[in-house]
Structures are given as C-alpha cells and as structure tokens.
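Okay, so here's the structure we're looking at.
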Amino acid sequence: MEFSLKNVPRQELLEKVAETRDIVDASLRTLSPEVLTQEYPLLVFEQKTSTEYLLVHLTTHLAYHLGQINYHRRLLDLTAP
C-alpha cells in the first residue's frame with residue numbers, strides 16, 4: 001500500500017515515519033555482532049546472504065528512495081504558485 005495510497009494527511013505520514021524509526025531502532029539494538037554475521041534466514045536475493053549484508057542493502061535502498069523524495073519535493077517547489 002505504500003505505493004498506492006493517495007492523499008495521506010501529512011500528520012499521519014509523520015506519525016508513521018516516527019513509528020517506523022522507533023521499531024527499526026529497537027530492533028537494531030537487539031542484534032549482536034554474532035547475529036549480524038549469521039546467514040539471514042529468508043532468501044531475499046538469488047543466493048543466501050548474511051544479516052549484515054541485508055541490512056546494508058536496506059540502508060542503501062532507503063537512501064535511494066530518500067533521493068527520489070527529495071527530487072519530487074524540488075519539482076513541487078518549482079511548480080508551486
């Protein structure tokens with residue numbers, strides 16, 4: 001639904017971002033160095049990978065989407081009356 005929802009109120013988006021941040025922060029705090037080096041239990045790519053590798057991939061994927069958001073924000077700033 002993250003790509004199909006339309007006209008979500010700004011406050012709701014901010015609340016969901018804050019909630020997600022808190023969940024990610026709490027989850028990452030529970031990971032030990034040993035867990036990071038273990039094989040991630042689900043097949044995400046064509047081959048198995050470590051938990052650490054998957055987390056790095058997710059971080060760069062997030063950065064990609066943040067760049068997209070910033071690009072669209074700038075487009076809206078240019079077209080605003």
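Letters A, B, ... mark the chains of the structure tokens in the order given; residue numbers begin at 1 per chain; ligand numbers begin at 1, in order shown.
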
Assign secondary structure with DSSP using the backbone only, and return the residues of region 5-70 of chain A in helix (DSSP H, G or I) as a VMD selection string.
chain A and resid 10 to 29 33 to 37 51 to 70

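All residues of protein, DNA or RNA that reach within 12 Å of Leu28 (chain A), judged by only C-alpha atoms and not counting those fewer than 6 positions away in the chain, are Arg21, Asp22, Val35, Leu36, Thr51, Glu52 and Leu55 of chain A.
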
Only N, CA and C atoms, please: the residues just picked out, written as a PDB file, in the first residue's frame.
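Contents of again32.pdb, freshly written:
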ATOM      1  N   ARG A  21      10.699   4.462  12.587  1.00  0.00           N
ATOM      2  CA  ARG A  21      12.026   4.758  13.138  1.00  0.00           C
ATOM      3  C   ARG A  21      12.214   4.091  14.493  1.00  0.00           C
ATOM      4  N   ASP A  22      11.200   4.171  15.343  1.00  0.00           N
ATOM      5  CA  ASP A  22      11.290   3.574  16.676  1.00  0.00           C
ATOM      6  C   ASP A  22      11.401   2.052  16.604  1.00  0.00           C
ATOM      7  N   VAL A  35      24.935 -12.270  15.484  1.00  0.00           N
ATOM      8  CA  VAL A  35      23.734 -12.386  14.643  1.00  0.00           C
ATOM      9  C   VAL A  35      23.971 -11.726  13.286  1.00  0.00           C
ATOM     10  N   LEU A  36      24.677 -10.613  13.294  1.00  0.00           N
ATOM     11  CA  LEU A  36      24.928  -9.898  12.040  1.00  0.00           C
ATOM     12  C   LEU A  36      25.711 -10.751  11.045  1.00  0.00           C
ATOM     13  N   THR A  51      22.970 -11.425   7.540  1.00  0.00           N
ATOM     14  CA  THR A  51      22.063 -10.394   8.056  1.00  0.00           C
ATOM     15  C   THR A  51      22.690  -9.022   7.878  1.00  0.00           C
ATOM     16  N   GLU A  52      23.978  -8.933   8.135  1.00  0.00           N
ATOM     17  CA  GLU A  52      24.698  -7.669   7.993  1.00  0.00           C
ATOM     18  C   GLU A  52      24.613  -7.147   6.557  1.00  0.00           C
ATOM     19  N   LEU A  55      21.131  -5.803   5.825  1.00  0.00           N
ATOM     20  CA  LEU A  55      20.889  -4.503   6.456  1.00  0.00           C
ATOM     21  C   LEU A  55      21.590  -3.372   5.703  1.00  0.00           C
TER      22      LEU A  55
END

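Taking CA of Phe3 (chain A) and CA of Leu42 (chain A) as the two end points, the separation is 23.6 Å.
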